[in-house]
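Undergrad: Below is a structure I'd like to ask you about.
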Amino acid sequence: MSANFYESNKAVSEYLLFHYGDDETFLLNGIGPREALGFARRCGRLWEGVCDNFARALDLGCAVGGSSFELSKQFKEVIGIDFAQALIDGAIRMQEEKSATIPVAEEGEVTRDIEIALDSVARPERVGFRQGDAMNLPSELGQFDFMLMANLIDRLPNPRTCLEGIHNWIAPDGILAITSPYTWLEEFTPKALWLGGYYENGQPVRALDSLKEILQNHFALLDTRDMPFLIREHARKNQYSIAQATIWKRVN
Ligand SMILES: C[S@@+](CC[C@H](N)C(=O)[O-])C[C@H]1O[C@@H](n2cnc3c(N)ncnc32)[C@H](O)[C@@H]1O
C-alpha cells in the first residue's frame, strides 16, 4: 500500500464497503466476529458518555464519510475532511444519492455487485465534506465540541506535529477521540517519526505513551477502549484488527 492508494477506485469501493456494507457481506454464512462489525458507526458514537456539547463535530480522515453521517444524528454541524479527493467524492455521492452499487471481491478476479445505503436516521444535510490536509488545517475551520481521528495517525507523515497543534481546533471542554491499530509503515510515516513500535536505548516505545506525552499539556485522558474492525479481502478472507481508542478532554 502507498499514500496514492487512497485516490484509487479500489480504495473508494473498499471504504464504501467498510463504512456502509451490511453485516452479512462480511460474515460468510453468518460466521465471523460480530464484535468487529460496524466500525465506522461505532467511531461515530465515541462521544457517548463523554461529550456535553453537540454543536460541531469534525471527522478528520473521514474517507467516505460513514462516521460523519453517524455523528450527524447527534451534532448540528459535522465536517468531514480527507486528503484523498476520490474518497471525498465517494462521501458526497452517498450524501447526494443516499445509496450506491459497488463491486465486492468474491474470489480472485470474480466480484459481485452489492447495494449499500445511507442510514435513514442520518442527517446528511448537516454534513459538509471537503478535501483537506490534517497536517495543515485552515484556521477558519473554527473549533469543535468533538473531533474524531479514526485510524488516521499511523497514515500521517508526521503524527506528532499534527497532534501538537490539534487543541487549536477543539473547544474548551471539547473531546478528541483517536483510534488507531498503530500499524506504523514507512510508506506513510518515516520511521524516525513513528509514535511507537521501536526501541530507544533498548527500551520499547509504545504509541499510547507517546500520545500521553504529546497531548498532556492540553488534554486529560478520559478512557481507552479496544475497537475491533474487519477489512474484507474476499468472500473467505477478512483482515481482523483491534484499534485502540483513546478519548481525551481538552482542559487547557
Ligand atoms: C486508514 S484510513 C481511515 C479512514 C476512516 N477514518 C476509517 O476509520 O475508516 C486513513 C484515512 O486518512 C486519510 N488521510 C491520510 N493522510 C491524511 C491527511 N494528511 N489529512 C487528511 N486525511 C488523511 C486517508 O485518505 C484515509 O481516508
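Every chain in the C-alpha cells has a letter given in the order shown (A, B, ...), and although residue numbers restart at 1 in each chain, ligands are simply numbered from 1 in the order shown.
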Within 8 Å of ligand 1, counting only C-alpha atoms and all ligand atoms: which residues, as a VMD selection string?

TA: chain A and resid 3 6 to 7 15 18 to 19 39 to 40 43 59 to 67 81 to 84 87 131 to 136 149 to 157 179

Undergrad: Could you pull out the alpha helix (DSSP H) residues of stretch 83-204 of chain A, going by DSSP on the backbone, and write them as a PDB file with N, CA and C atoms, in the first residue's frame?

TA:
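See part_16.pdb below for the written result:
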ATOM      1  N   GLN A  85      -9.150  13.192  -2.564  1.00  0.00           N
ATOM      2  CA  GLN A  85     -10.333  13.747  -3.245  1.00  0.00           C
ATOM      3  C   GLN A  85     -11.278  12.621  -3.682  1.00  0.00           C
ATOM      4  N   ALA A  86     -10.728  11.473  -4.097  1.00  0.00           N
ATOM      5  CA  ALA A  86     -11.580  10.366  -4.562  1.00  0.00           C
ATOM      6  C   ALA A  86     -12.492   9.878  -3.439  1.00  0.00           C
ATOM      7  N   LEU A  87     -11.977   9.825  -2.209  1.00  0.00           N
ATOM      8  CA  LEU A  87     -12.797   9.378  -1.082  1.00  0.00           C
ATOM      9  C   LEU A  87     -13.839  10.429  -0.723  1.00  0.00           C
ATOM     10  N   ILE A  88     -13.442  11.699  -0.770  1.00  0.00           N
ATOM     11  CA  ILE A  88     -14.409  12.781  -0.512  1.00  0.00           C
ATOM     12  C   ILE A  88     -15.520  12.738  -1.570  1.00  0.00           C
ATOM     13  N   ASP A  89     -15.151  12.496  -2.826  1.00  0.00           N
ATOM     14  CA  ASP A  89     -16.175  12.384  -3.879  1.00  0.00           C
ATOM     15  C   ASP A  89     -17.134  11.232  -3.562  1.00  0.00           C
ATOM     16  N   GLY A  90     -16.588  10.123  -3.044  1.00  0.00           N
ATOM     17  CA  GLY A  90     -17.430   8.981  -2.656  1.00  0.00           C
ATOM     18  C   GLY A  90     -18.383   9.356  -1.531  1.00  0.00           C
ATOM     19  N   ALA A  91     -17.888  10.128  -0.567  1.00  0.00           N
ATOM     20  CA  ALA A  91     -18.734  10.575   0.553  1.00  0.00           C
ATOM     21  C   ALA A  91     -19.858  11.478   0.046  1.00  0.00           C
ATOM     22  N   ILE A  92     -19.522  12.389  -0.863  1.00  0.00           N
ATOM     23  CA  ILE A  92     -20.524  13.330  -1.389  1.00  0.00           C
ATOM     24  C   ILE A  92     -21.563  12.577  -2.230  1.00  0.00           C
ATOM     25  N   ARG A  93     -21.113  11.553  -2.950  1.00  0.00           N
ATOM     26  CA  ARG A  93     -22.070  10.743  -3.717  1.00  0.00           C
ATOM     27  C   ARG A  93     -23.071  10.067  -2.780  1.00  0.00           C
ATOM     28  N   MET A  94     -22.588   9.549  -1.651  1.00  0.00           N
ATOM     29  CA  MET A  94     -23.516   8.928  -0.690  1.00  0.00           C
ATOM     30  C   MET A  94     -24.462   9.981  -0.112  1.00  0.00           C
ATOM     31  N   GLN A  95     -23.936  11.171   0.112  1.00  0.00           N
ATOM     32  CA  GLN A  95     -24.764  12.252   0.665  1.00  0.00           C
ATOM     33  C   GLN A  95     -25.877  12.635  -0.318  1.00  0.00           C
ATOM     34  N   GLU A  96     -25.517  12.708  -1.598  1.00  0.00           N
ATOM     35  CA  GLU A  96     -26.488  13.173  -2.590  1.00  0.00           C
ATOM     36  C   GLU A  96     -27.429  12.064  -3.034  1.00  0.00           C
ATOM     37  N   GLU A  97     -26.891  10.868  -3.221  1.00  0.00           N
ATOM     38  CA  GLU A  97     -27.702   9.800  -3.830  1.00  0.00           C
ATOM     39  C   GLU A  97     -28.243   8.825  -2.794  1.00  0.00           C
ATOM     40  N   PRO A 159       2.812  12.455  12.600  1.00  0.00           N
ATOM     41  CA  PRO A 159       1.679  12.489  13.532  1.00  0.00           C
ATOM     42  C   PRO A 159       1.921  13.389  14.745  1.00  0.00           C
ATOM     43  N   ARG A 160       3.170  13.473  15.200  1.00  0.00           N
ATOM     44  CA  ARG A 160       3.458  14.311  16.372  1.00  0.00           C
ATOM     45  C   ARG A 160       3.132  15.775  16.086  1.00  0.00           C
ATOM     46  N   THR A 161       3.585  16.280  14.946  1.00  0.00           N
ATOM     47  CA  THR A 161       3.325  17.680  14.608  1.00  0.00           C
ATOM     48  C   THR A 161       1.825  17.939  14.525  1.00  0.00           C
ATOM     49  N   CYS A 162       1.099  17.009  13.900  1.00  0.00           N
ATOM     50  CA  CYS A 162      -0.351  17.170  13.784  1.00  0.00           C
ATOM     51  C   CYS A 162      -0.978  17.248  15.184  1.00  0.00           C
ATOM     52  N   LEU A 163      -0.591  16.324  16.062  1.00  0.00           N
ATOM     53  CA  LEU A 163      -1.230  16.254  17.384  1.00  0.00           C
ATOM     54  C   LEU A 163      -0.802  17.412  18.290  1.00  0.00           C
ATOM     55  N   GLU A 164       0.420  17.899  18.102  1.00  0.00           N
ATOM     56  CA  GLU A 164       0.882  19.010  18.955  1.00  0.00           C
ATOM     57  C   GLU A 164       0.021  20.259  18.781  1.00  0.00           C
TER      58      GLU A 164
END

Undergrad: Report as number ranges by chain all protein, DNA and RNA residues lying within 8 Å of A:Arg123, evaluated on only C-alpha atoms, omitting residues in the same chain fewer than 6 positions from it.

TA: A: 69, 72-73

Undergrad: Hey, can you check how far atom CA of A:Glu77 sits from atom CA of A:Lys249?

TA: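 Computing the Euclidean distance for atom CA of A:Glu77 and atom CA of A:Lys249 yields 19.7 Å.
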
Undergrad: Give me the residues within 10 Å of A:Arg34 as a VMD selection string, counting only C-alpha atoms and dropping any in the same chain fewer than 2 places off.

TA: chain A and resid 23 to 24 26 to 27 30 to 32 36 to 38 228 to 230

Undergrad: Using N, CA and C atoms, can you write the selected residues to a file as a compact mmCIF listing (two decimals), in the first residue's frame?

TA:
# COMPACT_ATOMS: atom_id res chain seq x y z
N ASP A 23 -23.89 -6.24 7.53
CA ASP A 23 -23.10 -7.21 8.30
C ASP A 23 -22.91 -8.52 7.53
N GLU A 24 -23.94 -8.94 6.83
CA GLU A 24 -23.89 -10.26 6.18
C GLU A 24 -22.83 -10.31 5.07
N PHE A 26 -19.92 -9.33 5.35
CA PHE A 26 -18.64 -9.66 5.99
C PHE A 26 -18.64 -11.08 6.57
N LEU A 27 -19.83 -11.61 6.82
CA LEU A 27 -19.94 -12.90 7.51
C LEU A 27 -20.38 -13.97 6.52
N GLY A 30 -22.99 -16.40 7.84
CA GLY A 30 -23.24 -15.97 9.22
C GLY A 30 -22.08 -16.20 10.17
N ILE A 31 -20.94 -16.67 9.63
CA ILE A 31 -19.80 -16.99 10.51
C ILE A 31 -18.86 -15.79 10.59
N GLY A 32 -18.41 -15.48 11.80
CA GLY A 32 -17.40 -14.42 11.91
C GLY A 32 -17.56 -13.62 13.18
N ALA A 36 -16.63 -7.08 15.58
CA ALA A 36 -15.77 -6.24 14.73
C ALA A 36 -16.55 -5.54 13.62
N LEU A 37 -17.85 -5.73 13.58
CA LEU A 37 -18.67 -5.12 12.51
C LEU A 37 -18.99 -3.66 12.85
N GLY A 38 -19.31 -2.89 11.81
CA GLY A 38 -19.82 -1.53 12.02
C GLY A 38 -18.82 -0.58 12.66
N PRO A 228 -12.32 -3.42 17.76
CA PRO A 228 -12.03 -4.35 16.67
C PRO A 228 -12.69 -3.92 15.38
N PHE A 229 -12.07 -4.26 14.27
CA PHE A 229 -12.70 -3.99 12.97
C PHE A 229 -12.24 -5.01 11.93
N LEU A 230 -13.07 -5.15 10.89
CA LEU A 230 -12.81 -6.11 9.82
C LEU A 230 -12.67 -5.37 8.50

Undergrad: DSSP on the backbone, strand (DSSP E or B) only: what residues of stretch 139-243 of chain A does that give? Format it as a short mmCIF file (atom, residue, chain, number, x, y, z; two decimals) with all heavy atoms, in the first residue's frame.

TA:
data_model
loop_
_atom_site.label_atom_id
_atom_site.label_comp_id
_atom_site.auth_asym_id
_atom_site.auth_seq_id
_atom_site.Cartn_x
_atom_site.Cartn_y
_atom_site.Cartn_z
N PHE A 144 -14.28 22.76 17.53
CA PHE A 144 -15.28 21.67 17.53
C PHE A 144 -15.49 21.14 18.94
O PHE A 144 -14.57 21.11 19.75
CB PHE A 144 -14.80 20.54 16.61
CG PHE A 144 -14.72 20.98 15.17
CD1 PHE A 144 -13.57 21.59 14.68
CD2 PHE A 144 -15.81 20.83 14.32
CE1 PHE A 144 -13.50 22.04 13.37
CE2 PHE A 144 -15.75 21.27 13.01
CZ PHE A 144 -14.60 21.88 12.53
N ASP A 145 -16.71 20.69 19.21
CA ASP A 145 -17.02 20.06 20.50
C ASP A 145 -16.53 18.62 20.53
O ASP A 145 -16.29 18.06 21.59
CB ASP A 145 -18.54 20.06 20.73
CG ASP A 145 -19.10 21.46 20.68
OD1 ASP A 145 -18.61 22.31 21.46
OD2 ASP A 145 -19.96 21.73 19.82
N PHE A 146 -16.40 18.04 19.34
CA PHE A 146 -15.95 16.65 19.25
C PHE A 146 -15.13 16.49 17.98
O PHE A 146 -15.56 16.91 16.89
CB PHE A 146 -17.15 15.69 19.20
CG PHE A 146 -16.76 14.24 19.10
CD1 PHE A 146 -16.38 13.53 20.23
CD2 PHE A 146 -16.78 13.57 17.89
CE1 PHE A 146 -16.01 12.18 20.15
CE2 PHE A 146 -16.42 12.23 17.79
CZ PHE A 146 -16.04 11.54 18.92
N MET A 147 -13.95 15.92 18.11
CA MET A 147 -13.14 15.61 16.92
C MET A 147 -12.80 14.13 16.92
O MET A 147 -12.33 13.59 17.92
CB MET A 147 -11.84 16.42 16.89
CG MET A 147 -11.07 16.18 15.58
SD MET A 147 -9.40 16.82 15.54
CE MET A 147 -9.69 18.56 15.64
N LEU A 148 -13.06 13.49 15.78
CA LEU A 148 -12.71 12.09 15.58
C LEU A 148 -11.51 12.00 14.65
O LEU A 148 -11.52 12.61 13.57
CB LEU A 148 -13.91 11.35 14.96
CG LEU A 148 -13.67 9.90 14.52
CD1 LEU A 148 -13.39 9.01 15.73
CD2 LEU A 148 -14.88 9.37 13.74
N MET A 149 -10.50 11.25 15.07
CA MET A 149 -9.39 10.89 14.17
C MET A 149 -9.35 9.37 14.15
O MET A 149 -8.70 8.74 15.00
CB MET A 149 -8.06 11.43 14.69
CG MET A 149 -8.01 12.94 14.81
SD MET A 149 -6.49 13.50 15.62
CE MET A 149 -5.38 13.54 14.24
N ALA A 150 -10.11 8.77 13.23
CA ALA A 150 -10.22 7.31 13.21
C ALA A 150 -9.19 6.73 12.26
O ALA A 150 -9.21 6.99 11.05
CB ALA A 150 -11.63 6.88 12.79
N ILE A 170 -10.12 22.41 18.91
CA ILE A 170 -11.04 21.78 19.86
C ILE A 170 -11.46 22.81 20.91
O ILE A 170 -10.61 23.48 21.51
CB ILE A 170 -10.41 20.53 20.50
CG1 ILE A 170 -10.12 19.52 19.37
CG2 ILE A 170 -11.33 19.93 21.55
CD1 ILE A 170 -9.60 18.21 19.79
N ALA A 171 -12.77 22.94 21.10
CA ALA A 171 -13.29 23.93 22.04
C ALA A 171 -12.90 23.55 23.47
O ALA A 171 -12.65 22.37 23.75
CB ALA A 171 -14.82 23.98 21.90
N PRO A 172 -12.85 24.53 24.39
CA PRO A 172 -12.63 24.21 25.81
C PRO A 172 -13.65 23.15 26.25
O PRO A 172 -14.83 23.25 25.90
CB PRO A 172 -12.87 25.55 26.52
CG PRO A 172 -12.62 26.58 25.47
CD PRO A 172 -13.03 25.98 24.16
N ASP A 173 -13.19 22.15 26.97
CA ASP A 173 -14.01 21.01 27.41
C ASP A 173 -14.42 20.09 26.26
O ASP A 173 -15.18 19.14 26.48
CB ASP A 173 -15.28 21.44 28.17
CG ASP A 173 -14.96 22.17 29.45
OD1 ASP A 173 -13.92 21.82 30.06
OD2 ASP A 173 -15.71 23.08 29.82
N GLY A 174 -13.96 20.37 25.06
CA GLY A 174 -14.29 19.50 23.91
C GLY A 174 -13.54 18.18 23.99
O GLY A 174 -12.60 18.01 24.78
N ILE A 175 -13.98 17.25 23.15
CA ILE A 175 -13.46 15.87 23.19
C ILE A 175 -12.72 15.53 21.90
O ILE A 175 -13.19 15.85 20.80
CB ILE A 175 -14.63 14.86 23.37
CG1 ILE A 175 -15.39 15.12 24.68
CG2 ILE A 175 -14.14 13.42 23.28
CD1 ILE A 175 -14.62 14.80 25.95
N LEU A 176 -11.57 14.89 22.08
CA LEU A 176 -10.81 14.35 20.95
C LEU A 176 -10.81 12.83 21.08
O LEU A 176 -10.40 12.30 22.12
CB LEU A 176 -9.36 14.88 21.00
CG LEU A 176 -8.34 14.20 20.07
CD1 LEU A 176 -8.68 14.44 18.60
CD2 LEU A 176 -6.92 14.72 20.38
N ALA A 177 -11.31 12.14 20.05
CA ALA A 177 -11.30 10.67 20.06
C ALA A 177 -10.36 10.21 18.96
O ALA A 177 -10.57 10.49 17.78
CB ALA A 177 -12.70 10.12 19.83
N ILE A 178 -9.30 9.50 19.37
CA ILE A 178 -8.32 8.97 18.42
C ILE A 178 -8.47 7.45 18.42
O ILE A 178 -8.50 6.84 19.49
CB ILE A 178 -6.88 9.32 18.85
CG1 ILE A 178 -6.69 10.84 18.93
CG2 ILE A 178 -5.86 8.70 17.92
CD1 ILE A 178 -5.35 11.25 19.56
N THR A 179 -8.61 6.85 17.24
CA THR A 179 -8.48 5.39 17.20
C THR A 179 -7.31 5.06 16.29
O THR A 179 -7.07 5.77 15.30
CB THR A 179 -9.74 4.66 16.68
OG1 THR A 179 -9.79 4.79 15.25
CG2 THR A 179 -11.02 5.20 17.29
N SER A 180 -6.61 3.99 16.63
CA SER A 180 -5.53 3.54 15.75
C SER A 180 -5.11 2.12 16.11
O SER A 180 -5.01 1.78 17.30
CB SER A 180 -4.31 4.46 15.86
OG SER A 180 -3.28 3.98 15.02
N TYR A 198 9.10 0.88 18.23
CA TYR A 198 10.55 0.81 18.02
C TYR A 198 11.24 0.84 19.40
O TYR A 198 10.58 1.04 20.43
CB TYR A 198 11.04 1.97 17.15
CG TYR A 198 10.77 3.33 17.74
CD1 TYR A 198 11.74 3.97 18.52
CD2 TYR A 198 9.56 3.97 17.54
CE1 TYR A 198 11.49 5.20 19.10
CE2 TYR A 198 9.30 5.21 18.10
CZ TYR A 198 10.27 5.82 18.87
OH TYR A 198 10.01 7.02 19.45
N TYR A 199 12.53 0.61 19.39
CA TYR A 199 13.30 0.63 20.64
C TYR A 199 14.13 1.91 20.72
O TYR A 199 14.70 2.35 19.72
CB TYR A 199 14.22 -0.59 20.72
CG TYR A 199 13.47 -1.87 20.95
CD1 TYR A 199 13.04 -2.64 19.87
CD2 TYR A 199 13.19 -2.31 22.24
CE1 TYR A 199 12.33 -3.82 20.07
CE2 TYR A 199 12.47 -3.49 22.45
CZ TYR A 199 12.05 -4.24 21.37
OH TYR A 199 11.35 -5.39 21.57
N GLU A 200 14.17 2.48 21.91
CA GLU A 200 15.03 3.64 22.14
C GLU A 200 15.88 3.33 23.37
O GLU A 200 15.32 3.04 24.44
CB GLU A 200 14.15 4.88 22.41
CG GLU A 200 14.90 6.19 22.30
CD GLU A 200 13.92 7.35 22.34
OE1 GLU A 200 13.34 7.59 23.42
OE2 GLU A 200 13.72 7.98 21.30
N GLN A 203 14.88 0.28 25.14
CA GLN A 203 13.54 0.22 25.74
C GLN A 203 12.48 0.36 24.65
O GLN A 203 12.60 1.23 23.77
CB GLN A 203 13.35 1.37 26.75
CG GLN A 203 14.27 1.31 27.95
CD GLN A 203 14.09 0.02 28.75
OE1 GLN A 203 12.97 -0.38 29.06
NE2 GLN A 203 15.21 -0.64 29.01
N PRO A 204 11.39 -0.43 24.72
CA PRO A 204 10.33 -0.30 23.72
C PRO A 204 9.57 1.01 23.89
O PRO A 204 9.28 1.42 25.02
CB PRO A 204 9.42 -1.50 24.00
CG PRO A 204 9.70 -1.89 25.41
CD PRO A 204 11.12 -1.51 25.70
N VAL A 205 9.29 1.66 22.77
CA VAL A 205 8.46 2.88 22.79
C VAL A 205 7.09 2.49 22.26
O VAL A 205 6.99 1.86 21.20
CB VAL A 205 9.09 3.99 21.91
CG1 VAL A 205 8.20 5.21 21.87
CG2 VAL A 205 10.48 4.33 22.44
N PHE A 219 -4.75 18.22 27.26
CA PHE A 219 -5.84 17.23 27.36
C PHE A 219 -5.67 16.34 28.59
O PHE A 219 -4.55 16.06 29.02
CB PHE A 219 -5.85 16.32 26.13
CG PHE A 219 -6.20 17.01 24.83
CD1 PHE A 219 -5.18 17.55 24.03
CD2 PHE A 219 -7.51 17.13 24.42
CE1 PHE A 219 -5.50 18.19 22.84
CE2 PHE A 219 -7.83 17.77 23.22
CZ PHE A 219 -6.82 18.30 22.43
N ALA A 220 -6.82 15.87 29.10
CA ALA A 220 -6.82 14.79 30.09
C ALA A 220 -7.33 13.53 29.40
O ALA A 220 -8.31 13.59 28.64
CB ALA A 220 -7.75 15.15 31.25
N LEU A 221 -6.66 12.42 29.66
CA LEU A 221 -7.09 11.14 29.07
C LEU A 221 -8.26 10.61 29.89
O LEU A 221 -8.13 10.33 31.08
CB LEU A 221 -5.93 10.14 29.08
CG LEU A 221 -6.24 8.73 28.55
CD1 LEU A 221 -6.73 8.76 27.11
CD2 LEU A 221 -4.99 7.84 28.67
N LEU A 222 -9.44 10.47 29.25
CA LEU A 222 -10.64 10.01 29.96
C LEU A 222 -10.77 8.50 29.92
O LEU A 222 -11.28 7.89 30.86
CB LEU A 222 -11.91 10.62 29.33
CG LEU A 222 -12.06 12.14 29.34
CD1 LEU A 222 -13.41 12.53 28.75
CD2 LEU A 222 -11.90 12.70 30.76
N ASP A 223 -10.37 7.89 28.79
CA ASP A 223 -10.68 6.47 28.63
C ASP A 223 -9.83 5.87 27.51
O ASP A 223 -9.43 6.58 26.59
CB ASP A 223 -12.18 6.34 28.26
CG ASP A 223 -12.72 4.95 28.53
OD1 ASP A 223 -12.01 4.12 29.12
OD2 ASP A 223 -13.88 4.69 28.13
N THR A 224 -9.59 4.58 27.60
CA THR A 224 -9.05 3.83 26.46
C THR A 224 -9.98 2.65 26.21
O THR A 224 -10.53 2.08 27.16
CB THR A 224 -7.62 3.30 26.70
OG1 THR A 224 -7.65 2.37 27.77
CG2 THR A 224 -6.64 4.39 27.03
N ARG A 225 -10.18 2.32 24.94
CA ARG A 225 -11.08 1.21 24.60
C ARG A 225 -10.49 0.42 23.45
O ARG A 225 -9.77 0.97 22.61
CB ARG A 225 -12.44 1.73 24.14
CG ARG A 225 -13.15 2.53 25.19
CD ARG A 225 -14.49 3.02 24.69
NE ARG A 225 -14.89 4.16 25.50
CZ ARG A 225 -15.83 5.04 25.18
NH1 ARG A 225 -16.47 4.92 24.04
NH2 ARG A 225 -16.12 6.03 25.99
N ASP A 226 -10.83 -0.85 23.39
CA ASP A 226 -10.43 -1.69 22.24
C ASP A 226 -11.55 -1.66 21.21
O ASP A 226 -12.71 -1.85 21.55
CB ASP A 226 -10.15 -3.12 22.71
CG ASP A 226 -8.94 -3.18 23.62
OD1 ASP A 226 -7.97 -2.45 23.34
OD2 ASP A 226 -8.98 -3.91 24.62
N MET A 227 -11.17 -1.42 19.96
CA MET A 227 -12.15 -1.24 18.88
C MET A 227 -11.81 -2.19 17.72
O MET A 227 -11.08 -1.82 16.78
CB MET A 227 -12.08 0.20 18.36
CG MET A 227 -12.39 1.27 19.39
SD MET A 227 -14.12 1.69 19.45
CE MET A 227 -14.39 2.41 17.85
N PRO A 228 -12.32 -3.42 17.76
CA PRO A 228 -12.03 -4.35 16.67
C PRO A 228 -12.69 -3.92 15.38
O PRO A 228 -13.74 -3.27 15.40
CB PRO A 228 -12.62 -5.68 17.16
CG PRO A 228 -13.59 -5.33 18.21
CD PRO A 228 -13.18 -4.02 18.79
N PHE A 229 -12.07 -4.26 14.27
CA PHE A 229 -12.70 -3.99 12.97
C PHE A 229 -12.24 -5.01 11.93
O PHE A 229 -11.18 -5.63 12.09
CB PHE A 229 -12.43 -2.54 12.50
CG PHE A 229 -11.00 -2.20 12.21
CD1 PHE A 229 -10.47 -2.31 10.93
CD2 PHE A 229 -10.17 -1.72 13.22
CE1 PHE A 229 -9.14 -1.97 10.66
CE2 PHE A 229 -8.85 -1.37 12.97
CZ PHE A 229 -8.33 -1.49 11.68
N LEU A 230 -13.07 -5.15 10.89
CA LEU A 230 -12.81 -6.11 9.82
C LEU A 230 -12.67 -5.37 8.50
O LEU A 230 -13.49 -4.54 8.16
CB LEU A 230 -14.00 -7.06 9.63
CG LEU A 230 -14.22 -8.18 10.62
CD1 LEU A 230 -15.40 -9.03 10.15
CD2 LEU A 230 -12.98 -9.06 10.77
N ILE A 231 -11.62 -5.68 7.76
CA ILE A 231 -11.50 -5.22 6.37
C ILE A 231 -11.69 -6.47 5.50
O ILE A 231 -10.92 -7.44 5.63
CB ILE A 231 -10.10 -4.62 6.09
CG1 ILE A 231 -9.77 -3.50 7.06
CG2 ILE A 231 -9.99 -4.20 4.62
CD1 ILE A 231 -10.15 -2.11 6.67
N ARG A 232 -12.71 -6.45 4.63
CA ARG A 232 -13.00 -7.63 3.82
C ARG A 232 -12.00 -7.71 2.67
O ARG A 232 -11.82 -6.75 1.93
CB ARG A 232 -14.41 -7.52 3.25
CG ARG A 232 -14.92 -8.76 2.55
CD ARG A 232 -16.31 -8.46 2.03
NE ARG A 232 -17.01 -9.62 1.53
CZ ARG A 232 -16.83 -10.18 0.34
NH1 ARG A 232 -15.92 -9.67 -0.48
NH2 ARG A 232 -17.54 -11.22 -0.04
N GLU A 233 -11.35 -8.85 2.53
CA GLU A 233 -10.45 -9.04 1.37
C GLU A 233 -11.16 -9.80 0.27
O GLU A 233 -11.11 -9.42 -0.88
CB GLU A 233 -9.16 -9.75 1.80
CG GLU A 233 -8.29 -8.83 2.65
CD GLU A 233 -6.88 -9.36 2.85
OE1 GLU A 233 -6.44 -10.25 2.10
OE2 GLU A 233 -6.23 -8.87 3.79
N HIS A 234 -11.80 -10.91 0.59
CA HIS A 234 -12.69 -11.59 -0.36
C HIS A 234 -13.66 -12.42 0.44
O HIS A 234 -13.67 -12.36 1.69
CB HIS A 234 -11.89 -12.38 -1.42
CG HIS A 234 -10.97 -13.43 -0.89
ND1 HIS A 234 -11.43 -14.62 -0.35
CD2 HIS A 234 -9.61 -13.48 -0.81
CE1 HIS A 234 -10.40 -15.36 0.01
NE2 HIS A 234 -9.27 -14.69 -0.24
N LYS A 237 -12.09 -14.30 3.24
CA LYS A 237 -10.97 -13.72 3.99
C LYS A 237 -11.26 -12.28 4.44
O LYS A 237 -11.51 -11.42 3.60
CB LYS A 237 -9.70 -13.73 3.15
CG LYS A 237 -8.47 -13.31 3.95
CD LYS A 237 -7.21 -13.47 3.15
CE LYS A 237 -6.01 -13.03 3.98
NZ LYS A 237 -4.86 -12.73 3.14
N ASN A 238 -11.26 -12.08 5.73
CA ASN A 238 -11.33 -10.73 6.30
C ASN A 238 -10.07 -10.48 7.11
O ASN A 238 -9.54 -11.40 7.75
CB ASN A 238 -12.52 -10.59 7.25
CG ASN A 238 -13.85 -10.56 6.54
OD1 ASN A 238 -14.05 -9.77 5.64
ND2 ASN A 238 -14.76 -11.43 6.94
N GLN A 239 -9.62 -9.24 7.09
CA GLN A 239 -8.47 -8.88 7.94
C GLN A 239 -9.03 -8.32 9.26
O GLN A 239 -9.82 -7.38 9.24
CB GLN A 239 -7.68 -7.81 7.20
CG GLN A 239 -6.36 -7.44 7.80
CD GLN A 239 -5.83 -6.20 7.09
OE1 GLN A 239 -6.04 -5.10 7.57
NE2 GLN A 239 -5.18 -6.37 5.96
N TYR A 240 -8.65 -8.93 10.38
CA TYR A 240 -9.17 -8.54 11.70
C TYR A 240 -8.12 -7.71 12.43
O TYR A 240 -6.98 -8.16 12.59
CB TYR A 240 -9.48 -9.81 12.50
CG TYR A 240 -10.12 -9.60 13.84
CD1 TYR A 240 -11.49 -9.71 13.99
CD2 TYR A 240 -9.36 -9.32 14.98
CE1 TYR A 240 -12.10 -9.54 15.23
CE2 TYR A 240 -9.96 -9.13 16.21
CZ TYR A 240 -11.33 -9.25 16.34
OH TYR A 240 -11.92 -9.07 17.55
N SER A 241 -8.48 -6.52 12.84
CA SER A 241 -7.56 -5.67 13.60
C SER A 241 -8.26 -5.16 14.85
O SER A 241 -9.50 -5.14 14.91
CB SER A 241 -7.14 -4.44 12.78
OG SER A 241 -6.67 -4.79 11.51
N ILE A 242 -7.49 -4.74 15.82
CA ILE A 242 -8.07 -4.13 17.01
C ILE A 242 -7.41 -2.77 17.20
O ILE A 242 -6.24 -2.68 17.62
CB ILE A 242 -7.88 -4.99 18.27
CG1 ILE A 242 -8.41 -6.42 18.03
CG2 ILE A 242 -8.59 -4.34 19.46
CD1 ILE A 242 -8.17 -7.39 19.18
N ALA A 243 -8.16 -1.72 16.85
CA ALA A 243 -7.65 -0.37 17.10
C ALA A 243 -7.76 -0.07 18.59
O ALA A 243 -8.60 -0.65 19.29
CB ALA A 243 -8.47 0.64 16.30
#

Undergrad: Find the residue from A:Trp169, A:Asn158, A:Ala122, A:Leu185 that sits nearest to A:Pro138; use only C-alpha atoms when measuring.

TA: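 Counting only C-alpha atoms, the residue closest to A:Pro138 is A:Trp169.
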
Undergrad: Could you tell me which of A:Gly21, A:Gly142, A:Gly44, A:Pro181 comes closest to A:Ile166 if we count only C-alpha atoms?

TA: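 Counting only C-alpha atoms, the residue closest to A:Ile166 is A:Gly142.
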
Undergrad: Quick one: distance from atom CA of A:Ser8 to atom CA of A:Arg42 in Å, one decimal?

TA: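 Pair atom CA of A:Ser8 / atom CA of A:Arg42 returns 25.5 Å.
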